[in-house]
$ cat input10.csv   # CSV, C-alpha atoms
chain,number,residue,atom,x,y,z
A,1,MET,CA,-25.6,82.4,5.6
A,2,THR,CA,-22.0,81.3,5.3
A,3,PRO,CA,-19.9,81.2,2.2
A,4,LYS,CA,-19.7,77.4,2.7
A,5,THR,CA,-23.5,77.1,2.5
A,6,ILE,CA,-23.6,79.1,-0.8
A,7,GLN,CA,-20.8,76.9,-2.2
A,8,ASN,CA,-22.7,73.7,-1.2
A,9,TRP,CA,-25.9,75.1,-2.9
A,10,LYS,CA,-24.0,76.0,-6.0
A,11,LYS,CA,-22.3,72.6,-6.2
A,12,GLU,CA,-25.7,70.9,-5.8
A,13,PHE,CA,-27.3,73.1,-8.4
A,14,LEU,CA,-24.5,72.5,-10.9
A,15,ALA,CA,-24.8,68.8,-10.3
A,16,ASN,CA,-28.5,68.9,-11.0
A,17,ALA,CA,-28.9,71.8,-13.4
A,18,SER,CA,-30.0,69.7,-16.3
A,19,LYS,CA,-33.1,68.8,-14.3
A,20,ALA,CA,-34.2,72.4,-14.3
A,21,PHE,CA,-34.4,72.2,-18.1
A,22,GLU,CA,-36.0,68.8,-18.6
A,23,SER,CA,-38.9,68.4,-20.9
A,24,ASP,CA,-42.4,68.5,-19.4
A,25,ASN,CA,-42.7,64.8,-20.2
A,26,ASN,CA,-39.7,64.0,-17.9
A,27,ALA,CA,-41.0,66.3,-15.2
A,28,LEU,CA,-44.4,64.6,-15.3
A,29,GLU,CA,-42.8,61.2,-15.2
A,30,ASN,CA,-40.7,62.2,-12.2
A,31,LYS,CA,-43.8,63.7,-10.5
A,32,GLU,CA,-45.7,60.5,-11.0
A,33,LYS,CA,-42.8,58.5,-9.5
A,34,MET,CA,-42.7,60.8,-6.5
A,35,GLU,CA,-46.5,60.5,-5.9
A,36,LYS,CA,-46.2,56.7,-6.1
A,37,LEU,CA,-43.2,56.7,-3.7
A,38,LYS,CA,-45.1,59.0,-1.3
A,39,LYS,CA,-48.1,56.8,-1.3
A,40,GLU,CA,-45.9,53.7,-0.6
A,41,ASN,CA,-44.1,55.6,2.2
A,42,ASP,CA,-47.4,56.6,3.7
A,43,ALA,CA,-48.7,53.0,3.6
A,44,LEU,CA,-45.5,51.8,5.3
A,45,ALA,CA,-45.7,54.6,7.9
A,46,ARG,CA,-49.3,53.6,8.7
A,47,GLY,CA,-48.3,49.9,9.0
A,48,LEU,CA,-45.4,50.8,11.3
A,49,GLY,CA,-47.7,53.0,13.4
A,50,LYS,CA,-50.2,50.2,13.7
A,51,THR,CA,-47.5,47.7,14.7
A,52,THR,CA,-46.1,50.1,17.3
A,53,ILE,CA,-49.6,50.6,18.8
A,54,GLU,CA,-50.1,46.8,18.9
A,55,ARG,CA,-46.7,46.2,20.5
A,56,ASP,CA,-47.3,48.9,23.1
A,57,TRP,CA,-50.7,47.4,23.9
A,58,ALA,CA,-49.2,43.9,24.3
A,59,VAL,CA,-46.4,45.3,26.6
A,60,GLY,CA,-49.0,47.0,28.7
A,61,LYS,CA,-51.2,43.9,28.8
A,62,LEU,CA,-48.2,41.8,29.8
A,63,LYS,CA,-47.3,44.1,32.6
A,64,SER,CA,-50.8,43.9,34.0
A,65,LEU,CA,-50.8,40.1,34.2
A,66,ASP,CA,-49.9,38.3,37.4
A,67,LEU,CA,-47.2,35.7,37.7
A,68,SER,CA,-49.4,32.7,37.1
A,69,ASP,CA,-50.9,34.2,34.0
A,70,LYS,CA,-47.4,35.0,32.7
A,71,LYS,CA,-46.3,31.5,33.5
A,72,ASP,CA,-49.3,30.1,31.5
A,73,LEU,CA,-48.0,32.1,28.5
A,74,VAL,CA,-44.7,30.3,28.6
A,75,ASP,CA,-45.8,26.8,29.7
A,76,SER,CA,-44.6,24.2,27.4
A,77,LYS,CA,-47.1,23.9,24.7
A,78,LEU,CA,-44.5,23.2,22.1
A,79,THR,CA,-42.8,19.9,22.5
A,80,THR,CA,-39.8,21.1,20.4
A,81,LEU,CA,-39.0,24.1,22.5
A,82,SER,CA,-37.7,23.5,26.0
A,83,MET,CA,-39.0,25.4,29.0
A,84,THR,CA,-35.5,26.9,29.4
A,85,ARG,CA,-35.6,28.2,25.8
A,86,GLN,CA,-39.1,29.6,26.2
A,87,THR,CA,-38.0,31.4,29.4
A,88,LYS,CA,-34.9,32.9,27.7
A,89,ALA,CA,-37.1,34.0,24.7
A,90,PHE,CA,-39.5,35.6,27.1
A,91,ARG,CA,-36.7,37.4,29.0
A,92,ASN,CA,-35.2,38.6,25.7
A,93,GLN,CA,-38.6,40.0,24.7
A,94,GLN,CA,-38.9,41.9,28.0
A,95,ASN,CA,-35.4,43.3,27.6
A,96,TYR,CA,-36.3,44.4,24.1
A,97,THR,CA,-39.4,46.2,25.2
A,98,LEU,CA,-37.5,48.2,27.9
A,99,LEU,CA,-35.2,49.8,25.2
$ encode --input "input10.csv" --output "structure tokens"
Amino acid sequence: MTPKTIQNWKKEFLANASKAFESDNNALENKEKMEKLKKENDALARGLGKTTIERDWAVGKLKSLDLSDKKDLVDSKLTTLSMTRQTKAFRNQQNYTLL
């Protein structure tokens, strides 16, 4: 433990010392806020995990397709999006998944 660490702890304590002496009502309110934020964070983490799994599955599935199947995925089904633009978007997606 260095003197700098102790100084940082002391500085943080002095900045938040009043919280140590808050009423039980405030402490309960803060605890409830923390619980709510933890639940929200857990839900977001689950959603992110699900999305990551779905993306990984899609990338794996895309790699397993042969060229004609990949071409079918980008064949012009949208009249407003040119084949060139679809190909660029497809290439950008492949570059993104390699990161």
$ atom_distance --input "input10.csv" --atom1 "atom CA of A:Trp57" --atom2 "atom CA of A:Lys70"
15.6 Å
$ atom_distance --input "input10.csv" --atom1 "atom CA of A:Glu12" --atom2 "atom CA of A:Glu40"
27.0 Å
$ atom_distance --input "input10.csv" --atom1 "atom CA of A:Thr87" --atom2 "atom CA of A:Val74"
6.8 Å
